[in-house]
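Source file start_17.cif; content: mmCIF, C-alpha atoms and all ligand atoms.
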```cif
data_data
#
loop_
_atom_site.label_atom_id
_atom_site.label_comp_id
_atom_site.auth_asym_id
_atom_site.auth_seq_id
_atom_site.Cartn_x
_atom_site.Cartn_y
_atom_site.Cartn_z
CA MET C 81 0.00 0.00 0.00
CA PHE C 82 1.30 3.47 -0.90
CA TYR C 83 0.50 6.40 1.32
CA ALA C 84 1.01 9.86 -0.21
CA ARG C 85 3.02 12.03 2.18
CA SER C 86 1.49 15.47 2.48
CA MET C 87 3.42 18.43 1.16
CA THR C 88 5.72 20.21 3.61
CA ALA C 89 6.94 23.80 3.70
CA PHE C 90 10.25 22.50 2.30
CA ASP C 91 8.48 20.83 -0.64
CA ARG C 92 6.75 24.14 -1.39
CA ALA C 93 10.11 25.94 -1.28
CA SER C 94 11.55 23.34 -3.69
CA GLU C 95 8.65 23.98 -6.09
CA ALA C 96 9.36 27.72 -5.96
CA ALA C 97 13.08 27.06 -6.56
CA GLU C 98 12.20 24.91 -9.59
CA LEU C 99 10.12 27.73 -11.08
CA ILE C 100 12.99 30.18 -10.53
CA ALA C 101 15.49 27.74 -12.07
CA SER C 102 13.35 27.20 -15.16
CA ARG C 103 12.58 30.91 -15.68
CA THR C 104 16.19 32.02 -15.17
CA GLY C 105 17.76 29.08 -17.01
CA VAL C 106 20.23 28.48 -14.18
CA ALA C 107 19.98 25.58 -11.76
CA HIS C 108 21.72 27.35 -8.88
CA HIS C 109 22.08 30.79 -7.38
CA ASP C 110 24.89 31.62 -4.97
CA VAL C 111 23.72 34.49 -2.80
CA ALA C 112 20.32 36.02 -2.01
CA ILE C 113 19.18 39.31 -0.56
CA VAL C 114 15.78 40.17 0.88
CA LEU C 115 15.00 43.87 0.54
CA GLY C 116 12.84 45.54 3.16
CA SER C 117 10.77 48.64 2.68
CA GLY C 118 12.85 51.62 1.68
CA TRP C 119 15.62 49.47 0.18
CA ALA C 120 14.26 49.18 -3.39
CA PRO C 121 16.18 52.25 -4.70
CA ALA C 122 19.44 50.61 -3.56
CA ALA C 123 18.70 47.53 -5.70
CA GLU C 124 19.42 49.43 -8.91
CA LEU C 125 23.13 49.43 -7.99
CA PHE C 126 23.57 45.68 -7.39
CA GLY C 127 24.27 44.49 -10.94
CA GLU C 128 22.73 43.53 -14.26
CA VAL C 129 19.19 42.13 -13.93
CA LEU C 130 18.93 39.04 -16.17
CA THR C 131 15.41 37.93 -15.21
CA GLU C 132 12.60 39.39 -13.12
CA ILE C 133 9.72 37.19 -11.91
CA ALA C 134 6.57 38.50 -10.19
CA PHE C 135 5.87 36.94 -6.77
CA THR C 136 2.40 36.08 -8.07
CA ASP C 137 4.03 33.66 -10.58
CA ILE C 138 6.03 31.74 -7.94
CA PRO C 139 4.46 28.97 -5.82
CA GLY C 140 3.93 30.06 -2.21
CA PHE C 141 4.58 33.77 -2.75
CA SER C 142 1.91 36.46 -2.71
CA ALA C 143 1.74 40.11 -3.67
CA PRO C 144 2.83 42.30 -0.78
CA GLY C 145 0.10 44.28 0.92
CA VAL C 146 2.02 47.42 1.87
CA VAL C 147 2.85 50.42 -0.33
CA GLY C 148 6.59 50.60 -0.89
CA HIS C 149 7.08 46.84 -0.48
CA GLY C 150 7.95 45.45 -3.96
CA GLY C 151 6.78 42.04 -5.11
CA SER C 152 9.24 40.29 -7.41
CA VAL C 153 12.40 38.22 -7.56
CA ARG C 154 15.32 39.29 -9.72
CA SER C 155 18.20 37.13 -10.90
CA LEU C 156 21.44 39.08 -11.11
CA ASP C 157 24.75 38.58 -12.85
CA LEU C 158 27.36 39.35 -10.16
CA GLY C 159 30.37 38.63 -12.39
CA ASP C 160 32.80 35.68 -12.30
CA GLY C 161 29.89 33.37 -13.08
CA LYS C 162 28.25 34.22 -9.76
CA ARG C 163 24.47 34.67 -9.63
CA GLY C 164 22.36 36.50 -7.07
CA LEU C 165 18.66 36.44 -6.19
CA VAL C 166 17.04 39.67 -5.03
CA PHE C 167 13.68 39.41 -3.28
CA LEU C 168 11.99 42.81 -3.64
CA GLY C 169 9.52 42.72 -0.78
CA ARG C 170 8.67 40.19 1.90
CA THR C 171 5.71 38.72 3.76
CA HIS C 172 5.31 39.97 7.33
CA PHE C 173 3.80 38.03 10.22
CA TYR C 174 1.28 40.85 10.77
CA GLU C 175 -0.37 39.94 7.44
CA GLY C 176 -2.00 37.13 9.38
CA ARG C 177 -1.05 34.09 7.27
CA GLY C 178 1.18 32.52 9.91
CA VAL C 179 4.94 31.94 9.97
CA GLU C 180 5.44 29.73 6.91
CA PRO C 181 4.84 32.46 4.28
CA VAL C 182 7.17 34.76 6.26
CA VAL C 183 10.13 32.39 5.81
CA HIS C 184 9.20 30.98 2.38
CA ALA C 185 11.63 33.26 0.50
CA VAL C 186 14.49 32.14 2.75
CA ARG C 187 13.68 28.45 2.22
CA THR C 188 13.28 29.07 -1.51
CA ALA C 189 16.73 30.68 -1.57
CA ALA C 190 18.20 27.68 0.27
CA ALA C 191 16.47 25.29 -2.18
CA SER C 192 17.99 27.36 -5.02
CA GLY C 193 21.49 26.54 -3.81
CA VAL C 194 22.10 29.82 -2.00
CA LYS C 195 24.68 29.66 0.82
CA THR C 196 24.77 33.34 1.84
CA LEU C 197 21.71 35.39 2.73
CA VAL C 198 21.49 39.14 3.27
CA LEU C 199 18.41 40.28 5.20
CA THR C 200 17.64 43.99 5.09
CA ASN C 201 14.88 45.93 6.78
CA ALA C 202 13.70 49.37 7.76
CA CYS C 203 13.35 49.87 11.49
CA GLY C 204 13.24 52.23 14.40
CA GLY C 205 16.45 53.19 16.18
CA LEU C 206 17.10 53.70 19.89
CA MET C 207 20.38 55.61 19.49
CA PRO C 208 19.74 59.37 19.26
CA HIS C 209 22.68 59.86 16.88
CA TRP C 210 21.24 57.39 14.32
CA LYS C 211 19.47 59.91 12.07
CA PRO C 212 16.84 58.63 9.58
CA GLY C 213 18.74 57.00 6.70
CA THR C 214 21.50 55.44 8.83
CA PRO C 215 22.36 51.81 7.91
CA VAL C 216 23.27 49.64 10.94
CA LEU C 217 24.63 46.07 10.99
CA ILE C 218 22.57 43.65 13.08
CA SER C 219 24.89 42.04 15.62
CA ASP C 220 22.23 39.88 17.29
CA HIS C 221 18.48 39.75 17.78
CA ILE C 222 15.75 39.26 20.37
CA ASN C 223 12.84 37.29 18.94
CA PHE C 224 9.92 38.97 20.73
CA THR C 225 7.28 37.67 18.29
CA GLY C 226 6.37 34.61 20.34
CA GLN C 227 6.69 32.67 17.06
CA THR C 228 9.18 30.30 15.46
CA PRO C 229 9.50 28.81 11.97
CA LEU C 230 10.88 25.58 13.47
CA VAL C 231 8.56 22.62 13.96
CA GLY C 232 9.48 19.64 16.11
CA ALA C 233 12.65 18.98 18.09
CA LYS C 234 14.96 21.11 15.94
CA PHE C 235 17.42 22.65 18.37
CA VAL C 236 19.06 25.19 16.10
CA ASP C 237 22.12 26.96 17.55
CA LEU C 238 21.72 30.76 17.46
CA THR C 239 25.05 31.78 19.01
CA ASN C 240 26.24 33.54 15.85
CA VAL C 241 23.07 34.09 13.81
CA TYR C 242 24.53 37.19 12.13
CA SER C 243 27.87 36.09 10.72
CA PRO C 244 30.85 37.78 12.40
CA ARG C 245 32.78 37.18 9.16
CA LEU C 246 30.24 39.04 7.03
CA ARG C 247 29.96 41.89 9.55
CA ALA C 248 33.74 42.30 9.52
CA LEU C 249 33.65 42.34 5.72
CA CYS C 250 31.06 45.16 5.79
CA ARG C 251 33.17 47.18 8.21
CA GLU C 252 36.18 46.76 5.92
CA ILE C 253 34.12 48.24 3.10
CA ASP C 254 32.64 50.99 5.32
CA PRO C 255 34.49 51.46 8.64
CA THR C 256 31.87 53.94 9.89
CA LEU C 257 29.16 51.24 10.08
CA GLU C 258 27.83 50.65 13.60
CA GLU C 259 26.11 47.55 15.01
CA GLY C 260 23.01 46.99 17.07
CA VAL C 261 20.74 44.36 18.63
CA TYR C 262 17.42 44.09 16.74
CA VAL C 263 14.18 43.28 18.53
CA GLY C 264 11.56 41.67 16.32
CA PHE C 265 7.97 42.57 17.26
CA THR C 266 4.96 41.21 15.36
CA GLY C 267 3.49 44.69 14.79
CA PRO C 268 1.70 46.10 12.94
CA GLN C 269 1.32 48.74 15.64
CA TYR C 270 4.50 50.57 16.54
CA GLU C 271 5.73 50.35 20.14
CA THR C 272 4.63 52.43 23.06
CA PRO C 273 7.33 54.55 24.72
CA ALA C 274 7.16 52.12 27.69
CA GLU C 275 7.93 49.17 25.39
CA ILE C 276 10.88 51.07 23.94
CA GLU C 277 12.18 51.75 27.47
CA MET C 278 11.80 48.01 28.22
CA VAL C 279 13.82 46.85 25.22
CA ARG C 280 16.43 49.56 25.81
CA ARG C 281 17.07 47.97 29.24
CA TRP C 282 17.35 44.59 27.50
CA GLY C 283 20.23 45.95 25.43
CA ALA C 284 18.35 46.56 22.20
CA SER C 285 19.04 49.41 19.80
CA LEU C 286 16.86 48.50 16.77
CA VAL C 287 13.12 47.69 16.67
CA GLY C 288 11.23 46.24 13.73
CA MET C 289 8.61 43.81 12.46
CA SER C 290 10.64 41.39 10.33
CA THR C 291 13.99 39.59 10.00
CA VAL C 292 14.12 37.48 13.19
CA LEU C 293 11.96 34.59 11.94
CA GLU C 294 13.74 34.64 8.56
CA ALA C 295 17.14 34.57 10.27
CA ILE C 296 16.11 31.54 12.34
CA ALA C 297 14.85 29.70 9.23
CA ALA C 298 18.09 30.60 7.45
CA ARG C 299 20.23 29.14 10.27
CA GLU C 300 18.07 26.00 10.24
CA ALA C 301 18.91 25.72 6.50
CA GLY C 302 22.62 26.27 7.20
CA LEU C 303 22.88 29.64 5.47
CA GLU C 304 25.40 32.29 6.49
CA VAL C 305 23.38 35.42 7.36
CA LEU C 306 24.10 39.13 7.17
CA GLY C 307 21.50 41.52 8.58
CA VAL C 308 21.44 45.22 7.76
CA SER C 309 18.87 47.64 9.13
CA LEU C 310 18.05 51.04 7.72
CA VAL C 311 17.09 53.23 10.65
CA THR C 312 14.25 55.35 9.31
CA ASN C 313 12.83 56.79 12.51
CA LEU C 314 13.72 57.30 16.13
CA ALA C 315 11.87 54.74 18.27
CA ALA C 316 8.60 55.76 19.89
CA GLY C 317 8.79 58.54 22.44
CA MET C 318 12.26 59.72 21.39
CA SER C 319 11.55 62.45 18.86
CA GLY C 320 8.35 64.01 20.15
CA GLU C 321 6.76 63.23 16.74
CA PRO C 322 4.35 60.37 15.86
CA LEU C 323 5.71 57.58 13.62
CA ASP C 324 4.75 57.59 9.95
CA HIS C 325 5.28 55.12 7.06
CA ALA C 326 6.01 57.91 4.52
CA GLU C 327 9.23 58.84 6.35
CA VAL C 328 10.39 55.24 5.92
CA LEU C 329 10.23 55.50 2.15
CA ALA C 330 11.85 58.95 2.13
CA ALA C 331 14.77 57.75 4.28
CA GLY C 332 15.32 54.86 1.84
CA GLN C 333 15.53 57.26 -1.09
CA ALA C 334 18.03 59.45 0.76
CA ALA C 335 20.29 56.53 1.77
CA ALA C 336 20.00 54.45 -1.44
CA GLN C 337 23.42 55.34 -2.83
CA ARG C 338 25.29 54.44 0.38
CA MET C 339 23.37 51.19 0.94
CA GLY C 340 23.47 50.19 -2.72
CA THR C 341 27.23 50.55 -3.02
CA LEU C 342 27.80 48.72 0.28
CA LEU C 343 25.61 45.77 -0.68
CA ALA C 344 26.86 45.61 -4.27
CA GLN C 345 30.37 45.11 -2.87
CA VAL C 346 29.19 42.61 -0.24
CA LEU C 347 27.33 40.49 -2.83
CA ARG C 348 30.50 40.26 -4.95
CA ALA C 349 32.84 39.57 -2.04
CA VAL C 350 30.99 36.65 -0.40
I1 LIG W 1 10.31 51.57 9.40
O1 LIG W 1 9.78 52.16 15.16
C1 LIG W 1 9.91 50.95 11.16
N1 LIG W 1 9.52 49.72 11.40
N2 LIG W 1 8.47 47.77 15.49
N3 LIG W 1 9.13 49.99 15.34
C2 LIG W 1 8.85 48.80 14.74
N4 LIG W 1 8.94 48.60 13.44
C3 LIG W 1 9.34 49.65 12.71
C4 LIG W 1 9.64 50.90 13.24
C5 LIG W 1 9.53 51.08 14.63
N5 LIG W 1 9.99 51.71 12.24
#
```

As structure tokens, how would this structure be written, given the file I've shared?
Amino acid sequence: MFYARSMTAFDRASEAAELIASRTGVAHHDVAIVLGSGWAPAAELFGEVLTEIAFTDIPGFSAPGVVGHGGSVRSLDLGDGKRGLVFLGRTHFYEGRGVEPVVHAVRTAAASGVKTLVLTNACGGLMPHWKPGTPVLISDHINFTGQTPLVGAKFVDLTNVYSPRLRALCREIDPTLEEGVYVGFTGPQYETPAEIEMVRRWGASLVGMSTVLEAIAAREAGLEVLGVSLVTNLAAGMSGEPLDHAEVLAAGQAAAQRMGTLLAQVLRAV
């Protein structure tokens, strides 16, 4: 008797990787980057786009629901025969579809042969000198979502989630880059000033609504991870102004050149 095994999240990622392989004509990609809101202008500097595929064409992906979040995958020529995947936009946990869609791009990248993953995001900053438009390397995270992409007894080590090697490489390229601990909230509401004071005492300096679940899924898959945050606003209660999504997009525009050149060099060096 044959019993059909039901499809797992990893099977769905393999299907997505097959679609990407057939559309791009290459079986493997080497490095992938997930672009958060505000980062799209930087993508123009990464390299020649050979293929662009809408998320709606790829199994398991869906069109992003937020203005300023893209919605496609690009295959890039990085030179020396190296190929990169750029995910323009991501699924957030606050969209209400659970954790699997949030980490699907990461698992698709892993199923595409990728060994190095760059996760970018826009976030709030707790350091007063981090003006909107400041890129910051993620040194570590606090997963405050109450969620995990792992199912079953998978005891994934998270001692060095954000690769010390890749962070050192970034600081060689740009010695002025600072680092911070990122706290992942589910959102979609921003924090209260009391919540910001709480995470400040925990040692956090970046607050956002993405990245942590993707980083965990990436470590489960054995990928080397770099995390870069674009600080687009001071965290709640620090500026005297309410938080606003439009300033996120404006800060991305202003910082695109700096972030684009940094990441273009990183993608070639890894
Ligand atoms: I952009 O201040 C952006 N995303 N949680 N807090 C959280 N997410 C953010 C913030 C912020 N700014």

Checklist entry - What would the list of residues within 8 Å of (14.5, 44.4, 23.5) (file frame) look like as a VMD selection string, if all atoms listed in the file are what count? => result chain C and resid 222 224 261 to 263 276 278 to 285 287

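Ranking C:Leu199, C:Leu156, C:Leu230, C:Leu329 by their shortest atom-to-atom distance to Val308 of chain C, with all atoms listed in the file included, puts C:Leu199 first.
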
>> Which residues are close to Arg348 of chain C, i.e. within 7 Å by all atoms listed in the file, leaving aside same-chain residues fewer than 3 positions away? Reply as JSON, numbers by chain.
In response: {"C": [158, 344, 345]}

Requested in this report: Could you tell me how far atom CA of Leu130 of chain C lies from atom CA of Arg103 of chain C, in Å and to one decimal?
Outcome: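 The value is 10.3 Å.
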
Exercise for review: Compare C:Gly116, C:Gly302, C:Gly105, C:Pro255 by their minimum atom-to-atom distance to Ser155 of chain C, counting all atoms listed in the file, and give me the closest one.
Suggested key: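 Counting all atoms listed in the file, the residue closest to Ser155 of chain C is C:Gly105.
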
Distance filter 7 Å around ligand LIG 1 (chain W), atoms: all atoms listed in the file, out as a tab-separated table (two decimals) with C-alpha atoms, in the frame of the given file:
```tsv
chain	number	residue	atom	x	y	z
C	202	ALA	CA	13.70	49.37	7.76
C	203	CYS	CA	13.35	49.87	11.49
C	204	GLY	CA	13.24	52.23	14.40
C	205	GLY	CA	16.45	53.19	16.18
C	264	GLY	CA	11.56	41.67	16.32
C	265	PHE	CA	7.97	42.57	17.26
C	267	GLY	CA	3.49	44.69	14.79
C	270	TYR	CA	4.50	50.57	16.54
C	271	GLU	CA	5.73	50.35	20.14
C	287	VAL	CA	13.12	47.69	16.67
C	288	GLY	CA	11.23	46.24	13.73
C	289	MET	CA	8.61	43.81	12.46
C	312	THR	CA	14.25	55.35	9.31
C	313	ASN	CA	12.83	56.79	12.51
C	314	LEU	CA	13.72	57.30	16.13
C	315	ALA	CA	11.87	54.74	18.27
C	316	ALA	CA	8.60	55.76	19.89
C	323	LEU	CA	5.71	57.58	13.62
C	325	HIS	CA	5.28	55.12	7.06
C	328	VAL	CA	10.39	55.24	5.92
```

- Message: I need the residue nearest Val182 of chain C from this list: C:Gln227, C:Asp220, C:Gly307, C:Glu258. Use only C-alpha atoms for the distance.
- Response: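 For Val182 of chain C, the nearest of the candidates is C:Gln227.
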
How many Å separate atom CA of Gly140 of chain C from atom CA of His172 of chain C?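 Distance reported for this atom pair: 13.8 Å.
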
What would segment 250-275 of chain C look like if you wrote it out as a PDB file, in the first residue's frame, with N, CA, C and O atoms included, from the block I just posted?
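Output contents, as saved in selection39.pdb:
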```pdb
ATOM      1  N   CYS C 250      31.777  43.881   5.977  1.00  0.00           N
ATOM      2  CA  CYS C 250      31.062  45.160   5.792  1.00  0.00           C
ATOM      3  C   CYS C 250      31.841  46.313   6.398  1.00  0.00           C
ATOM      4  O   CYS C 250      31.913  47.400   5.814  1.00  0.00           O
ATOM      5  N   ARG C 251      32.442  46.087   7.562  1.00  0.00           N
ATOM      6  CA  ARG C 251      33.174  47.181   8.214  1.00  0.00           C
ATOM      7  C   ARG C 251      34.490  47.473   7.507  1.00  0.00           C
ATOM      8  O   ARG C 251      35.005  48.592   7.602  1.00  0.00           O
ATOM      9  N   GLU C 252      35.018  46.481   6.772  1.00  0.00           N
ATOM     10  CA  GLU C 252      36.183  46.760   5.923  1.00  0.00           C
ATOM     11  C   GLU C 252      35.783  47.691   4.785  1.00  0.00           C
ATOM     12  O   GLU C 252      36.512  48.612   4.428  1.00  0.00           O
ATOM     13  N   ILE C 253      34.602  47.422   4.208  1.00  0.00           N
ATOM     14  CA  ILE C 253      34.115  48.235   3.098  1.00  0.00           C
ATOM     15  C   ILE C 253      33.742  49.631   3.604  1.00  0.00           C
ATOM     16  O   ILE C 253      34.029  50.632   2.962  1.00  0.00           O
ATOM     17  N   ASP C 254      33.070  49.704   4.758  1.00  0.00           N
ATOM     18  CA  ASP C 254      32.638  50.987   5.325  1.00  0.00           C
ATOM     19  C   ASP C 254      32.921  50.992   6.832  1.00  0.00           C
ATOM     20  O   ASP C 254      32.098  50.546   7.631  1.00  0.00           O
ATOM     21  N   PRO C 255      34.083  51.505   7.230  1.00  0.00           N
ATOM     22  CA  PRO C 255      34.491  51.462   8.644  1.00  0.00           C
ATOM     23  C   PRO C 255      33.598  52.286   9.571  1.00  0.00           C
ATOM     24  O   PRO C 255      33.679  52.131  10.790  1.00  0.00           O
ATOM     25  N   THR C 256      32.734  53.133   9.021  1.00  0.00           N
ATOM     26  CA  THR C 256      31.872  53.944   9.893  1.00  0.00           C
ATOM     27  C   THR C 256      30.598  53.192  10.301  1.00  0.00           C
ATOM     28  O   THR C 256      29.814  53.700  11.108  1.00  0.00           O
ATOM     29  N   LEU C 257      30.381  51.986   9.759  1.00  0.00           N
ATOM     30  CA  LEU C 257      29.156  51.242  10.082  1.00  0.00           C
ATOM     31  C   LEU C 257      29.132  50.844  11.554  1.00  0.00           C
ATOM     32  O   LEU C 257      30.100  50.296  12.078  1.00  0.00           O
ATOM     33  N   GLU C 258      28.007  51.088  12.211  1.00  0.00           N
ATOM     34  CA  GLU C 258      27.833  50.652  13.597  1.00  0.00           C
ATOM     35  C   GLU C 258      26.966  49.394  13.634  1.00  0.00           C
ATOM     36  O   GLU C 258      26.411  48.986  12.618  1.00  0.00           O
ATOM     37  N   GLU C 259      26.875  48.778  14.828  1.00  0.00           N
ATOM     38  CA  GLU C 259      26.110  47.550  15.007  1.00  0.00           C
ATOM     39  C   GLU C 259      25.060  47.739  16.087  1.00  0.00           C
ATOM     40  O   GLU C 259      25.213  48.600  16.962  1.00  0.00           O
ATOM     41  N   GLY C 260      24.031  46.917  16.035  1.00  0.00           N
ATOM     42  CA  GLY C 260      23.008  46.988  17.072  1.00  0.00           C
ATOM     43  C   GLY C 260      22.238  45.684  17.202  1.00  0.00           C
ATOM     44  O   GLY C 260      22.240  44.857  16.297  1.00  0.00           O
ATOM     45  N   VAL C 261      21.592  45.523  18.366  1.00  0.00           N
ATOM     46  CA  VAL C 261      20.736  44.360  18.631  1.00  0.00           C
ATOM     47  C   VAL C 261      19.311  44.719  18.208  1.00  0.00           C
ATOM     48  O   VAL C 261      18.762  45.744  18.622  1.00  0.00           O
ATOM     49  N   TYR C 262      18.744  43.862  17.352  1.00  0.00           N
ATOM     50  CA  TYR C 262      17.423  44.095  16.743  1.00  0.00           C
ATOM     51  C   TYR C 262      16.365  43.305  17.507  1.00  0.00           C
ATOM     52  O   TYR C 262      16.520  42.096  17.705  1.00  0.00           O
ATOM     53  N   VAL C 263      15.312  43.982  17.924  1.00  0.00           N
ATOM     54  CA  VAL C 263      14.179  43.275  18.529  1.00  0.00           C
ATOM     55  C   VAL C 263      13.070  43.150  17.502  1.00  0.00           C
ATOM     56  O   VAL C 263      12.617  44.150  16.936  1.00  0.00           O
ATOM     57  N   GLY C 264      12.657  41.912  17.247  1.00  0.00           N
ATOM     58  CA  GLY C 264      11.563  41.671  16.316  1.00  0.00           C
ATOM     59  C   GLY C 264      10.233  41.610  17.059  1.00  0.00           C
ATOM     60  O   GLY C 264      10.027  40.732  17.900  1.00  0.00           O
ATOM     61  N   PHE C 265       9.359  42.568  16.771  1.00  0.00           N
ATOM     62  CA  PHE C 265       7.970  42.571  17.261  1.00  0.00           C
ATOM     63  C   PHE C 265       7.077  42.065  16.127  1.00  0.00           C
ATOM     64  O   PHE C 265       7.448  42.138  14.950  1.00  0.00           O
ATOM     65  N   THR C 266       5.860  41.602  16.451  1.00  0.00           N
ATOM     66  CA  THR C 266       4.963  41.209  15.363  1.00  0.00           C
ATOM     67  C   THR C 266       4.366  42.424  14.665  1.00  0.00           C
ATOM     68  O   THR C 266       4.034  42.354  13.488  1.00  0.00           O
ATOM     69  N   GLY C 267       4.230  43.581  15.365  1.00  0.00           N
ATOM     70  CA  GLY C 267       3.488  44.689  14.793  1.00  0.00           C
ATOM     71  C   GLY C 267       2.035  44.277  14.610  1.00  0.00           C
ATOM     72  O   GLY C 267       1.595  43.284  15.187  1.00  0.00           O
ATOM     73  N   PRO C 268       1.263  44.964  13.746  1.00  0.00           N
ATOM     74  CA  PRO C 268       1.702  46.100  12.936  1.00  0.00           C
ATOM     75  C   PRO C 268       1.733  47.429  13.684  1.00  0.00           C
ATOM     76  O   PRO C 268       2.217  48.407  13.136  1.00  0.00           O
ATOM     77  N   GLN C 269       1.200  47.480  14.907  1.00  0.00           N
ATOM     78  CA  GLN C 269       1.320  48.744  15.638  1.00  0.00           C
ATOM     79  C   GLN C 269       2.789  48.976  15.997  1.00  0.00           C
ATOM     80  O   GLN C 269       3.545  48.037  16.199  1.00  0.00           O
ATOM     81  N   TYR C 270       3.180  50.235  16.016  1.00  0.00           N
ATOM     82  CA  TYR C 270       4.500  50.569  16.538  1.00  0.00           C
ATOM     83  C   TYR C 270       4.483  50.421  18.057  1.00  0.00           C
ATOM     84  O   TYR C 270       3.428  50.202  18.661  1.00  0.00           O
ATOM     85  N   GLU C 271       5.636  50.542  18.698  1.00  0.00           N
ATOM     86  CA  GLU C 271       5.731  50.351  20.138  1.00  0.00           C
ATOM     87  C   GLU C 271       5.169  51.555  20.898  1.00  0.00           C
ATOM     88  O   GLU C 271       5.084  52.661  20.380  1.00  0.00           O
ATOM     89  N   THR C 272       4.868  51.308  22.154  1.00  0.00           N
ATOM     90  CA  THR C 272       4.633  52.428  23.062  1.00  0.00           C
ATOM     91  C   THR C 272       5.989  52.886  23.591  1.00  0.00           C
ATOM     92  O   THR C 272       6.969  52.112  23.579  1.00  0.00           O
ATOM     93  N   PRO C 273       6.075  54.112  24.090  1.00  0.00           N
ATOM     94  CA  PRO C 273       7.330  54.548  24.723  1.00  0.00           C
ATOM     95  C   PRO C 273       7.758  53.612  25.858  1.00  0.00           C
ATOM     96  O   PRO C 273       8.960  53.376  26.048  1.00  0.00           O
ATOM     97  N   ALA C 274       6.802  53.044  26.607  1.00  0.00           N
ATOM     98  CA  ALA C 274       7.164  52.120  27.694  1.00  0.00           C
ATOM     99  C   ALA C 274       7.811  50.850  27.138  1.00  0.00           C
ATOM    100  O   ALA C 274       8.759  50.309  27.726  1.00  0.00           O
ATOM    101  N   GLU C 275       7.313  50.367  26.010  1.00  0.00           N
ATOM    102  CA  GLU C 275       7.925  49.171  25.391  1.00  0.00           C
ATOM    103  C   GLU C 275       9.341  49.471  24.901  1.00  0.00           C
ATOM    104  O   GLU C 275      10.241  48.622  24.991  1.00  0.00           O
TER     105      GLU C 275
END
```
